[in-house]
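structure.cif (mmCIF, C-alpha atoms and all ligand atoms)
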```cif
data_final
loop_
_atom_site.label_atom_id
_atom_site.label_comp_id
_atom_site.auth_asym_id
_atom_site.auth_seq_id
_atom_site.Cartn_x
_atom_site.Cartn_y
_atom_site.Cartn_z
CA MET A 1 -57.90 -52.41 40.26
CA LYS A 2 -55.45 -52.97 43.08
CA LEU A 3 -52.57 -50.61 43.90
CA VAL A 4 -50.18 -50.86 46.84
CA ILE A 5 -48.09 -48.00 48.22
CA TYR A 6 -45.30 -49.74 50.11
CA GLY A 7 -42.19 -48.93 52.10
CA GLY A 8 -43.18 -45.42 53.19
CA THR A 9 -43.94 -43.71 56.49
CA VAL A 10 -47.68 -43.17 56.73
CA ILE A 11 -48.76 -39.97 58.47
CA ASP A 12 -52.52 -39.87 58.91
CA PRO A 13 -53.41 -37.47 61.71
CA ALA A 14 -57.14 -38.18 61.45
CA ASN A 15 -56.38 -41.71 62.66
CA ASP A 16 -53.41 -40.83 64.88
CA ARG A 17 -51.12 -42.87 62.67
CA GLU A 18 -47.43 -42.22 62.14
CA ALA A 19 -45.54 -45.42 61.32
CA ALA A 20 -43.95 -47.54 58.62
CA LEU A 21 -47.08 -48.92 56.93
CA ASP A 22 -48.30 -50.01 53.52
CA VAL A 23 -51.50 -48.75 51.92
CA LEU A 24 -53.81 -50.87 49.81
CA ILE A 25 -55.97 -49.02 47.29
CA GLU A 26 -58.79 -50.72 45.42
CA ASP A 27 -61.49 -49.25 43.19
CA GLY A 28 -60.32 -45.74 44.01
CA LEU A 29 -60.74 -46.20 47.76
CA ILE A 30 -58.41 -46.82 50.70
CA ARG A 31 -59.01 -50.51 51.32
CA ALA A 32 -56.52 -51.17 54.14
CA VAL A 33 -53.48 -49.75 55.91
CA ASP A 34 -51.25 -52.32 57.58
CA LYS A 35 -47.71 -53.33 58.48
CA PRO A 36 -45.05 -53.46 55.77
CA GLY A 37 -45.36 -56.39 53.40
CA SER A 38 -49.04 -57.01 54.12
CA PHE A 39 -50.37 -56.53 50.62
CA LEU A 40 -47.88 -56.68 47.78
CA THR A 41 -47.72 -60.02 46.00
CA ALA A 42 -46.23 -60.92 42.65
CA GLY A 43 -48.00 -59.27 39.76
CA ASP A 44 -49.51 -56.40 41.76
CA THR A 45 -48.98 -52.76 40.84
CA GLY A 46 -46.97 -51.00 43.48
CA ILE A 47 -45.51 -47.61 44.26
CA ASP A 48 -42.24 -47.76 46.17
CA ALA A 49 -42.39 -45.04 48.84
CA SER A 50 -39.16 -45.97 50.62
CA GLY A 51 -37.74 -42.96 52.42
CA LEU A 52 -40.90 -40.95 51.68
CA VAL A 53 -43.96 -39.82 53.61
CA VAL A 54 -47.37 -41.15 52.58
CA ALA A 55 -50.10 -38.72 53.68
CA PRO A 56 -53.68 -37.85 52.79
CA GLY A 57 -53.73 -35.49 49.81
CA PHE A 58 -53.64 -31.88 50.99
CA VAL A 59 -56.86 -29.87 51.13
CA ASP A 60 -56.55 -26.15 50.38
CA MET A 61 -59.62 -24.34 51.65
CA HIS A 62 -58.66 -21.03 50.02
CA VAL A 63 -57.61 -20.66 46.37
CA HIS A 64 -58.54 -18.44 43.45
CA LEU A 65 -58.92 -20.38 40.19
CA ARG A 66 -59.98 -17.30 38.18
CA GLU A 67 -62.37 -19.14 35.87
CA PRO A 68 -64.83 -17.97 34.63
CA GLY A 69 -63.73 -14.53 33.50
CA PHE A 70 -60.00 -14.26 34.17
CA GLU A 71 -58.68 -17.24 32.22
CA TYR A 72 -55.56 -15.25 31.29
CA LYS A 73 -54.47 -15.52 34.96
CA GLU A 74 -55.50 -19.11 35.64
CA THR A 75 -58.08 -21.71 34.64
CA VAL A 76 -59.60 -24.56 36.58
CA LEU A 77 -57.28 -26.82 34.55
CA THR A 78 -54.02 -24.91 35.20
CA GLY A 79 -54.99 -24.24 38.81
CA THR A 80 -55.57 -27.92 39.50
CA GLN A 81 -52.34 -28.82 37.66
CA SER A 82 -50.58 -26.50 40.08
CA ALA A 83 -52.52 -28.03 42.99
CA VAL A 84 -51.57 -31.65 42.34
CA ALA A 85 -47.93 -30.62 41.72
CA GLY A 86 -47.98 -29.16 45.23
CA GLY A 87 -49.57 -32.28 46.75
CA PHE A 88 -53.09 -30.85 46.97
CA THR A 89 -55.89 -33.22 45.97
CA ALA A 90 -58.78 -30.90 46.87
CA VAL A 91 -59.15 -27.14 46.65
CA ALA A 92 -61.98 -24.78 47.57
CA CYS A 93 -62.15 -21.85 45.17
CA MET A 94 -63.31 -18.35 45.96
CA ALA A 95 -66.24 -16.64 44.28
CA ASN A 96 -64.56 -13.52 42.87
CA THR A 97 -64.79 -14.68 39.28
CA ASN A 98 -66.56 -12.89 36.41
CA PRO A 99 -69.45 -13.51 36.52
CA VAL A 100 -69.23 -13.79 40.30
CA ASN A 101 -70.12 -17.21 41.70
CA ASP A 102 -73.25 -15.90 43.39
CA ASN A 103 -75.77 -18.34 41.89
CA GLY A 104 -76.18 -22.02 41.11
CA SER A 105 -75.31 -21.82 37.43
CA VAL A 106 -71.79 -20.45 38.02
CA THR A 107 -71.27 -23.02 40.79
CA ARG A 108 -72.25 -25.80 38.38
CA TYR A 109 -70.03 -24.34 35.63
CA ILE A 110 -66.94 -24.50 37.89
CA ILE A 111 -67.76 -28.07 38.94
CA GLU A 112 -68.11 -29.10 35.27
CA LYS A 113 -64.74 -27.52 34.41
CA ALA A 114 -63.18 -29.44 37.30
CA GLN A 115 -64.70 -32.71 36.11
CA THR A 116 -63.24 -32.12 32.64
CA ALA A 117 -59.80 -31.31 34.10
CA ASN A 118 -60.08 -34.46 36.21
CA LEU A 119 -57.12 -33.63 38.47
CA ALA A 120 -57.71 -32.22 41.98
CA ARG A 121 -61.24 -32.14 43.39
CA VAL A 122 -62.68 -28.63 43.26
CA PHE A 123 -65.20 -27.37 45.80
CA PRO A 124 -66.67 -23.97 44.94
CA ILE A 125 -67.22 -21.38 47.64
CA GLY A 126 -70.27 -19.27 46.92
CA ALA A 127 -70.42 -15.49 47.27
CA LEU A 128 -72.04 -14.07 50.39
CA SER A 129 -73.48 -11.05 48.60
CA LYS A 130 -74.84 -10.61 45.09
CA GLY A 131 -71.99 -9.50 42.81
CA LEU A 132 -69.71 -9.21 45.89
CA LYS A 133 -71.27 -5.79 46.28
CA GLY A 134 -71.95 -6.21 49.98
CA GLU A 135 -75.57 -5.08 49.61
CA SER A 136 -77.87 -8.09 49.52
CA LEU A 137 -77.47 -11.83 50.13
CA ALA A 138 -76.55 -14.03 47.16
CA ASP A 139 -78.62 -17.12 46.24
CA ILE A 140 -77.00 -19.15 49.00
CA GLY A 141 -79.51 -22.02 49.08
CA GLU A 142 -79.24 -22.47 45.33
CA MET A 143 -75.42 -22.52 45.40
CA VAL A 144 -75.39 -25.03 48.26
CA ALA A 145 -77.77 -27.26 46.27
CA ALA A 146 -75.36 -26.96 43.33
CA GLY A 147 -72.36 -27.99 45.47
CA ALA A 148 -70.97 -24.91 47.24
CA VAL A 149 -69.24 -25.89 50.49
CA ALA A 150 -68.86 -22.48 52.14
CA ILE A 151 -69.77 -18.84 51.65
CA SER A 152 -67.37 -15.93 51.23
CA ASP A 153 -67.02 -12.51 49.63
CA ASP A 154 -63.24 -13.00 49.78
CA GLY A 155 -61.33 -10.24 48.09
CA ARG A 156 -63.86 -7.89 49.66
CA PRO A 157 -64.75 -7.52 53.33
CA VAL A 158 -68.43 -7.47 54.32
CA MET A 159 -68.57 -3.89 55.55
CA ASP A 160 -72.28 -3.98 56.42
CA GLY A 161 -72.54 -5.60 59.85
CA ASN A 162 -76.24 -6.25 59.47
CA LEU A 163 -75.69 -8.14 56.20
CA MET A 164 -73.03 -10.21 57.95
CA ARG A 165 -75.48 -10.96 60.75
CA ARG A 166 -78.15 -12.12 58.28
CA ALA A 167 -75.63 -14.30 56.44
CA LEU A 168 -74.51 -15.96 59.69
CA GLU A 169 -78.14 -16.56 60.66
CA TYR A 170 -79.05 -17.98 57.27
CA CYS A 171 -75.94 -20.19 56.94
CA SER A 172 -76.35 -21.61 60.43
CA MET A 173 -79.44 -23.45 59.10
CA PHE A 174 -77.10 -25.41 56.79
CA GLN A 175 -74.22 -25.56 59.29
CA LEU A 176 -72.34 -23.79 56.50
CA PRO A 177 -69.12 -21.93 57.35
CA ILE A 178 -68.65 -18.32 56.30
CA SER A 179 -65.06 -17.51 55.41
CA VAL A 180 -64.27 -13.86 56.01
CA HIS A 181 -61.71 -11.47 54.51
CA GLU A 182 -61.26 -9.19 57.51
CA GLU A 183 -60.40 -5.66 56.50
CA ASP A 184 -62.18 -2.52 57.61
CA LEU A 185 -61.91 -0.51 54.40
CA HIS A 186 -62.27 2.79 56.24
CA LEU A 187 -59.31 1.94 58.49
CA ALA A 188 -57.36 0.49 55.55
CA ALA A 189 -58.03 3.85 53.86
CA GLY A 190 -56.52 2.91 50.52
CA GLY A 191 -53.29 1.59 52.04
CA VAL A 192 -51.10 -0.65 49.89
CA MET A 193 -48.88 -2.37 52.50
CA ASN A 194 -48.58 -2.80 56.26
CA GLU A 195 -48.42 0.41 58.28
CA GLY A 196 -45.03 0.48 59.97
CA PRO A 197 -41.41 1.55 59.61
CA THR A 198 -41.13 0.06 56.12
CA SER A 199 -44.16 1.90 54.73
CA LEU A 200 -42.79 5.09 56.26
CA ARG A 201 -39.37 4.57 54.71
CA LEU A 202 -40.79 3.68 51.30
CA GLY A 203 -43.37 6.47 51.35
CA LEU A 204 -46.20 4.00 50.76
CA LYS A 205 -49.60 4.31 52.41
CA GLY A 206 -49.94 1.81 55.24
CA ILE A 207 -52.79 -0.40 56.48
CA PRO A 208 -52.85 -0.67 60.30
CA ASN A 209 -53.33 -4.01 62.08
CA ALA A 210 -56.48 -2.44 63.49
CA ALA A 211 -58.18 -2.76 60.09
CA GLU A 212 -58.07 -6.54 60.51
CA ASP A 213 -58.48 -6.70 64.28
CA ALA A 214 -61.60 -4.53 64.35
CA MET A 215 -63.40 -6.70 61.78
CA VAL A 216 -62.39 -9.96 63.47
CA ALA A 217 -63.77 -8.56 66.74
CA ARG A 218 -67.04 -7.51 65.07
CA ASP A 219 -67.55 -10.86 63.40
CA ILE A 220 -66.80 -12.83 66.56
CA ILE A 221 -69.42 -10.72 68.32
CA LEU A 222 -71.86 -11.56 65.50
CA ALA A 223 -70.95 -15.27 65.69
CA ARG A 224 -71.81 -15.11 69.38
CA LEU A 225 -75.12 -13.38 68.60
CA THR A 226 -76.19 -15.77 65.85
CA GLY A 227 -74.54 -19.10 66.70
CA GLY A 228 -73.20 -19.09 63.13
CA ARG A 229 -69.99 -20.72 61.93
CA LEU A 230 -67.30 -18.14 61.33
CA HIS A 231 -64.00 -18.94 59.61
CA ILE A 232 -61.28 -16.28 59.62
CA ALA A 233 -59.40 -16.39 56.30
CA HIS A 234 -55.68 -15.54 56.00
CA THR A 235 -55.14 -14.45 59.64
CA SER A 236 -52.24 -12.00 59.65
CA THR A 237 -52.15 -10.03 62.91
CA ARG A 238 -51.29 -10.82 66.53
CA GLY A 239 -54.56 -9.13 67.54
CA ALA A 240 -56.62 -11.44 65.31
CA VAL A 241 -54.90 -14.50 66.75
CA ALA A 242 -55.67 -13.34 70.30
CA LEU A 243 -59.33 -12.70 69.43
CA VAL A 244 -59.76 -16.14 67.86
CA ARG A 245 -58.08 -17.77 70.85
CA GLN A 246 -60.55 -16.03 73.16
CA ALA A 247 -63.55 -16.96 70.98
CA LYS A 248 -62.50 -20.62 70.99
CA ALA A 249 -62.05 -20.59 74.77
CA GLU A 250 -65.61 -19.33 74.97
CA GLY A 251 -66.80 -22.24 72.84
CA LEU A 252 -67.91 -20.23 69.82
CA GLN A 253 -67.93 -21.87 66.38
CA VAL A 254 -64.92 -19.92 65.18
CA THR A 255 -62.05 -21.38 63.12
CA ALA A 256 -59.07 -19.79 61.42
CA GLU A 257 -56.49 -20.35 58.70
CA ALA A 258 -53.09 -18.82 58.00
CA ALA A 259 -51.22 -18.63 54.71
CA PRO A 260 -47.54 -19.62 54.46
CA HIS A 261 -46.49 -16.11 53.39
CA HIS A 262 -47.89 -14.74 56.64
CA PHE A 263 -45.80 -17.10 58.79
CA ILE A 264 -42.66 -16.84 56.64
CA LEU A 265 -42.37 -13.23 55.40
CA THR A 266 -42.49 -9.79 57.01
CA GLU A 267 -43.29 -6.34 55.65
CA GLU A 268 -39.60 -5.90 54.85
CA THR A 269 -40.11 -8.16 51.82
CA VAL A 270 -41.75 -5.11 50.21
CA GLU A 271 -38.33 -3.33 50.22
CA GLY A 272 -37.42 -2.23 46.72
CA TYR A 273 -41.13 -1.87 45.89
CA ASN A 274 -41.39 -5.62 45.31
CA THR A 275 -44.91 -6.07 43.94
CA ASN A 276 -44.65 -9.84 44.50
CA ALA A 277 -44.82 -8.96 48.20
CA LYS A 278 -48.07 -7.01 47.77
CA MET A 279 -51.07 -8.82 49.16
CA ALA A 280 -54.22 -8.41 51.20
CA PRO A 281 -53.93 -8.68 54.11
CA PRO A 282 -50.42 -7.27 53.81
CA LEU A 283 -47.25 -8.89 55.10
CA ARG A 284 -46.93 -7.74 58.72
CA GLN A 285 -44.15 -7.38 61.29
CA MET A 286 -42.07 -10.01 63.08
CA GLY A 287 -44.30 -9.82 66.18
CA ASP A 288 -47.25 -10.80 64.02
CA VAL A 289 -45.33 -13.62 62.33
CA LEU A 290 -44.42 -15.01 65.76
CA ALA A 291 -48.06 -14.73 66.89
CA ILE A 292 -49.25 -16.65 63.81
CA LYS A 293 -46.71 -19.38 64.58
CA GLU A 294 -47.85 -19.53 68.20
CA GLY A 295 -51.46 -19.69 66.98
CA LEU A 296 -50.59 -22.62 64.75
CA ARG A 297 -48.71 -24.30 67.58
CA ASP A 298 -51.44 -24.01 70.21
CA GLY A 299 -54.31 -24.87 67.86
CA THR A 300 -55.85 -21.39 67.63
CA ILE A 301 -55.18 -21.52 63.89
CA ASP A 302 -56.72 -24.71 62.55
CA ALA A 303 -55.61 -24.79 58.95
CA ILE A 304 -52.87 -23.77 56.55
CA ALA A 305 -54.36 -22.42 53.32
CA THR A 306 -52.45 -20.85 50.45
CA ASP A 307 -54.76 -18.04 49.25
CA HIS A 308 -53.29 -18.97 45.83
CA ALA A 309 -53.96 -15.76 43.87
CA PRO A 310 -52.56 -15.84 40.34
CA HIS A 311 -52.09 -12.57 38.44
CA HIS A 312 -50.71 -11.80 35.00
CA ARG A 313 -47.26 -10.15 34.93
CA ASP A 314 -48.80 -6.98 33.48
CA GLU A 315 -50.77 -6.64 36.72
CA LYS A 316 -47.63 -6.94 38.85
CA GLU A 317 -45.01 -5.15 36.73
CA VAL A 318 -46.48 -1.75 37.47
CA GLU A 319 -46.05 0.92 40.14
CA PHE A 320 -46.51 -0.58 43.63
CA ASP A 321 -49.65 1.47 44.30
CA HIS A 322 -51.36 0.01 41.25
CA ALA A 323 -50.16 -3.59 41.41
CA ALA A 324 -52.67 -6.39 42.02
CA ASN A 325 -52.78 -8.07 45.44
CA GLY A 326 -51.73 -11.67 45.93
CA ILE A 327 -49.27 -14.43 45.10
CA VAL A 328 -49.41 -17.99 43.78
CA GLY A 329 -49.00 -20.51 46.57
CA LEU A 330 -49.96 -24.08 45.74
CA GLU A 331 -46.51 -25.32 44.74
CA THR A 332 -44.56 -23.76 47.63
CA ALA A 333 -46.95 -24.49 50.53
CA LEU A 334 -45.49 -27.86 51.51
CA PRO A 335 -41.82 -26.82 51.88
CA LEU A 336 -42.80 -23.56 53.60
CA THR A 337 -44.95 -25.53 56.06
CA LEU A 338 -42.09 -27.97 56.64
CA ARG A 339 -39.99 -25.00 57.83
CA LEU A 340 -42.33 -24.86 60.83
CA VAL A 341 -41.48 -28.50 61.54
CA LYS A 342 -37.76 -27.78 61.30
CA GLU A 343 -38.19 -24.81 63.66
CA GLY A 344 -40.04 -27.00 66.17
CA VAL A 345 -43.30 -25.02 65.88
CA LEU A 346 -45.26 -28.08 64.67
CA SER A 347 -44.62 -31.80 64.65
CA LEU A 348 -44.74 -33.34 61.16
CA SER A 349 -48.06 -34.91 62.04
CA GLU A 350 -49.53 -31.58 63.22
CA ALA A 351 -48.30 -29.92 60.03
CA VAL A 352 -50.01 -32.59 57.92
CA ARG A 353 -53.17 -32.24 60.01
CA LYS A 354 -53.36 -28.52 59.22
CA LEU A 355 -53.02 -29.30 55.51
CA THR A 356 -55.52 -32.17 55.47
CA PHE A 357 -57.99 -33.21 58.12
CA ASN A 358 -58.62 -29.81 59.71
CA PRO A 359 -59.55 -27.91 56.53
CA ALA A 360 -61.61 -30.89 55.32
CA ARG A 361 -63.48 -30.95 58.62
CA ILE A 362 -64.18 -27.19 58.52
CA LEU A 363 -65.65 -27.57 55.02
CA GLY A 364 -67.53 -30.74 55.95
CA LEU A 365 -65.66 -32.84 53.37
CA PRO A 366 -64.98 -36.58 53.77
CA HIS A 367 -61.36 -36.05 52.64
CA GLY A 368 -58.01 -35.36 54.31
CA THR A 369 -57.82 -38.87 55.78
CA LEU A 370 -56.50 -42.34 54.93
CA SER A 371 -59.39 -44.02 56.75
CA VAL A 372 -60.52 -47.31 55.26
CA GLY A 373 -63.32 -46.57 52.83
CA ALA A 374 -62.22 -43.00 52.16
CA ALA A 375 -61.41 -41.89 48.60
CA ALA A 376 -57.78 -42.73 47.81
CA ASP A 377 -56.54 -39.12 47.65
CA VAL A 378 -52.91 -39.48 48.63
CA VAL A 379 -49.69 -37.48 48.45
CA ILE A 380 -46.32 -39.18 48.62
CA PHE A 381 -43.75 -36.56 49.49
CA ASP A 382 -40.04 -36.37 50.15
CA PRO A 383 -39.54 -34.20 53.25
CA ALA A 384 -35.79 -33.92 52.54
CA ARG A 385 -35.78 -33.19 48.81
CA SER A 386 -34.15 -29.83 48.04
CA TRP A 387 -35.19 -27.77 45.06
CA GLN A 388 -35.05 -24.19 43.92
CA VAL A 389 -38.14 -22.16 43.05
CA VAL A 390 -37.95 -21.17 39.38
CA PRO A 391 -41.08 -19.10 38.69
CA GLU A 392 -41.03 -20.06 34.98
CA GLY A 393 -41.23 -23.69 36.01
CA LEU A 394 -44.46 -23.39 38.00
CA ARG A 395 -47.56 -25.22 36.71
CA SER A 396 -49.77 -22.28 37.51
CA LYS A 397 -50.47 -19.97 34.59
CA SER A 398 -49.07 -17.08 36.63
CA ARG A 399 -45.60 -16.39 38.05
CA ASN A 400 -46.31 -13.98 40.89
CA THR A 401 -44.28 -15.49 43.71
CA PRO A 402 -41.96 -13.74 46.17
CA PHE A 403 -40.13 -17.06 46.59
CA GLY A 404 -38.41 -17.10 43.20
CA GLY A 405 -34.83 -18.33 43.65
CA TRP A 406 -35.50 -19.61 47.18
CA GLU A 407 -34.08 -22.97 48.22
CA MET A 408 -36.91 -25.21 49.37
CA THR A 409 -36.81 -28.51 51.25
CA GLY A 410 -39.73 -30.89 50.71
CA LYS A 411 -41.50 -31.89 47.53
CA ALA A 412 -44.55 -33.85 46.43
CA MET A 413 -43.27 -36.83 44.41
CA THR A 414 -46.54 -38.58 43.52
CA THR A 415 -50.12 -37.39 43.92
CA LEU A 416 -53.17 -39.64 43.60
CA VAL A 417 -56.81 -38.62 43.39
CA GLY A 418 -59.38 -41.39 43.69
CA GLY A 419 -56.60 -43.96 43.36
CA LYS A 420 -55.42 -42.53 40.05
CA ILE A 421 -51.93 -41.04 39.69
CA VAL A 422 -52.42 -37.40 38.64
CA TYR A 423 -48.88 -36.14 39.21
CA THR A 424 -45.36 -37.51 39.39
CA ALA A 425 -42.32 -35.29 39.96
ZN ZN B 501 -58.89 -12.30 51.09
ZN ZN B 502 -58.19 -14.96 48.82
#
```
Represent the structure from my file as structure tokens, please.
Ligand SMILES: [Zn+2]
Ligand SMILES: [Zn+2]
Amino acid sequence: MKLVIYGGTVIDPANDREAALDVLIEDGLIRAVDKPGSFLTAGDTGIDASGLVVAPGFVDMHVHLREPGFEYKETVLTGTQSAVAGGFTAVACMANTNPVNDNGSVTRYIIEKAQTANLARVFPIGALSKGLKGESLADIGEMVAAGAVAISDDGRPVMDGNLMRRALEYCSMFQLPISVHEEDLHLAAGGVMNEGPTSLRLGLKGIPNAAEDAMVARDIILARLTGGRLHIAHTSTRGAVALVRQAKAEGLQVTAEAAPHHFILTEETVEGYNTNAKMAPPLRQMGDVLAIKEGLRDGTIDAIATDHAPHHRDEKEVEFDHAANGIVGLETALPLTLRLVKEGVLSLSEAVRKLTFNPARILGLPHGTLSVGAAADVVIFDPARSWQVVPEGLRSKSRNTPFGGWEMTGKAMTTLVGGKIVYTA
């Protein structure tokens, strides 16, 4: 079947394209991209993208889909509904499910659920350690054979440096990236927000930047020792950005992502004991926010990932100390990223690159591009469309967002996966 997306501005950073172009899709693949009017003839099916941006579908390398085990927070179905509504056509999901995704059968279970949902592509990330206990290596080879694209104990840091070393050594045989949640638990010492003036004022126990910086430093040293591929998840401190910059200058295989909340919000969002501002790593200070932006601008931070972390309201509507960490992010990532474009931090093309080609490349996926022959995973978005975040209106099963009531600019209008329309606004 033939489908033409016409009249839009194509932004395809993988091919250095940013121009008024039409896209021809056939049999679920990108067949051709050429000047306006090249493809559409009478009788063809077309999507009018006039005034809109046509980009590769976004690739989120860090989400929590909660299935199996926590279906009351999110399922593979509701998570991928949320993904395509946000313009994401592929998501990589973390292993902290119940049972933990630390073996091939859980990996296969998640892939089967995704095939049934038939919306965004889902790429499971396997656990680094059995049961996320940080004691012994999970069945990494088995999970990779079943379809895992990376390894991570996300939610938990790998406190045992020797285990981290063995994981980097083992994964380097597969050229498999290890995504790391960098938090020295001894330095974090049970803190519930960033350590700074706000934690002092609120009387909440703080987590110092050093808890993240120290672990990033350790893991970069281990990446140097092993030649392994290290990916720093949800970078939140100026120190971490500086360490990654140095590691890259040295030529180490180190990459990094940042989440929109870490380049938009500061610790002050916690004011009033706002549990929708509680996350790990915590929201930091303005100096950190500026460092994350600079890291995105100069290429130190490769990817924008949401760390979409749905929680039930009962887990958030409790005392701050006891509230669960994390926020939903798939449906607000695009407009929050476009703020960086408005501020002049990133060009529109660079912003799209960090949502598409870069994360796909880190995970070794053939997506995040409109190259001829690639799967027709496409987002058509309106960069100027204004809308207000109404938490009750989100597709995710959970409502834990600190952006409720915010005015956003930029919205996915149509999302296609494999040439099939899976979402229209
Ligand atoms: Zn994490
Ligand atoms: Zn996470």
Problem set entry | Exercise: region 198-215 of chain A partners within 9 Å, all atoms listed in the file, chain neighbours under 3 positions left out, as a PyMOL selection string | chain A and resi 157+159+181-195+218-220+235-241+243+267-268+270-273+281-282+284+320-321
For this session: Within 10 Å of ligand ZN 502 (chain B), which residues show up when you count only C-alpha atoms and all ligand atoms? List them as an MDAnalysis selection string, please.
Result: chainID A and resid 61:64 93:96 152:156 179:181 233:234 259 279:281 305:309 325:327
Using all atoms listed in the file, give me every residue within 9 Å of (-73.1, -24.3, 60.7) in file coordinates, as a CSV table (one decimal) with C-alpha atoms, keeping the file's coordinate frame.
```
chain,number,residue,atom,x,y,z
A,168,LEU,CA,-74.5,-16.0,59.7
A,171,CYS,CA,-75.9,-20.2,56.9
A,172,SER,CA,-76.4,-21.6,60.4
A,173,MET,CA,-79.4,-23.4,59.1
A,174,PHE,CA,-77.1,-25.4,56.8
A,175,GLN,CA,-74.2,-25.6,59.3
A,176,LEU,CA,-72.3,-23.8,56.5
A,177,PRO,CA,-69.1,-21.9,57.4
A,178,ILE,CA,-68.6,-18.3,56.3
A,227,GLY,CA,-74.5,-19.1,66.7
A,228,GLY,CA,-73.2,-19.1,63.1
A,229,ARG,CA,-70.0,-20.7,61.9
A,230,LEU,CA,-67.3,-18.1,61.3
A,253,GLN,CA,-67.9,-21.9,66.4
```
For this session: Scan for residues within 6 Å of the point (-48.7, -50.5, 50.8) in the coordinates of the file, using only C-alpha atoms, and reply as an MDAnalysis selection string.
Result: chainID A and resid 4:6 22:24
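Between CA of Glu67 (chain A) and CA of His261 (chain A) the separation is 23.8 Å.
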For this session: Identify, on the basis of all atoms listed in the file, every residue whose closest approach to Ala351 (chain A) does not exceed 10 Å; exclude the query and any residue fewer than 2 positions from it along the same chain; express the result as a VMD selection string.
Result: chain A and resid 13 296 to 297 303 to 304 334 337 to 341 345 to 349 353 to 356
For this session: Could you tell me how far CA of Asn118 (chain A) lies from CA of Asp48 (chain A), in Å and to one decimal?
Result: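 Interatomic distance, CA of Asn118 (chain A) to CA of Asp48 (chain A): 24.4 Å.
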Problem set entry | Spatial neighbours of Ser50 (chain A), max dist 10 Å, only C-alpha atoms, sep filter under 6 positions, as an MDAnalysis selection string | chainID A and resid 5:9 20 382
For this session: Could you tell me how far CA of Asn103 (chain A) lies from CA of Leu163 (chain A), in Å and to one decimal?
Result: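 Pair CA of Asn103 (chain A) / CA of Leu163 (chain A) returns 17.6 Å.
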For this session: Counting all atoms listed in the file, figure out which residue out of A:Ala258, A:Ile380, A:Leu416, A:Ile11 gets nearest to ligand ZN 501 (chain B).
Result: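 The closest residue to ligand ZN 501 (chain B) is A:Ala258.
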Problem set entry | Top pick for closest residue to ligand ZN 501 (chain B), considering A:Ile221, A:Val158, A:Ile301, A:Leu52 and counting all atoms listed in the file | A:Val158
Exercise. Which residue gives the smallest distance to ligand ZN 501 (chain B) among A:Gly404, A:Asp302, A:Thr275, A:Glu257, with only C-alpha atoms and all ligand atoms counted?
Worked result: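 Going through A:Gly404, A:Asp302, A:Thr275, A:Glu257 one by one, the smallest distance to ligand ZN 501 (chain B) is for A:Glu257.
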Exercise. Of the candidates A:Val352, A:Lys130, A:His231, A:Leu265, which shows the shortest atom-to-atom distance to ligand ZN 501 (chain B), using all atoms listed in the file?
Worked result: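 Of all the options, A:His231 lies closest to ligand ZN 501 (chain B).
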For this session: Name the residues in contact with Met1 (chain A) at a cut-off of 9 Å, using all atoms listed in the file, excluding same-chain residues fewer than 6 positions from it; report them as a list in words.
Result: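 My reading of the contact set: Ile25, Glu26, Asp27, Gly28 and Thr45 of chain A.
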For C-alpha atoms, I'd like the residues from the last selection saved as a PDB file, keeping the file's coordinate frame.
```
ATOM      1  CA  ILE A  25     -55.970 -49.020  47.290  1.00  0.00           C
ATOM      2  CA  GLU A  26     -58.790 -50.720  45.420  1.00  0.00           C
ATOM      3  CA  ASP A  27     -61.490 -49.250  43.190  1.00  0.00           C
ATOM      4  CA  GLY A  28     -60.320 -45.740  44.010  1.00  0.00           C
ATOM      5  CA  THR A  45     -48.980 -52.760  40.840  1.00  0.00           C
TER       6      THR A  45
END
```
Enclosing box along x, y and z for every listed atom of region 260-266 of chain A, padded 4 Å each side, centre and size in Å, one decimal, as AutoDock Vina command-line options:
```
--center_x -45.1 --center_y -14.7 --center_z 56.1 --size_x 13.5 --size_y 17.8 --size_z 13.4
```
Exercise. Of the candidates A:Leu363, A:Ile232, A:Pro68, A:Gly418, which shows the shortest atom-to-atom distance to ligand ZN 501 (chain B), using all atoms listed in the file?
Worked result: A:Ile232
Exercise. Of the candidates A:Ile362, A:Ala217, A:Leu21, A:Ala14, which one gets nearest to Asp60 (chain A) if we count all atoms listed in the file?
Worked result: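 Residue with the minimum atom-to-atom distance to Asp60 (chain A): A:Ile362.
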Exercise. Residues at most 7 Å from Pro383 (chain A), counting only C-alpha atoms, excluding those fewer than 4 positions away in the same chain, as a list in words?
Worked result: Thr409, Gly410 and Lys411 of chain A
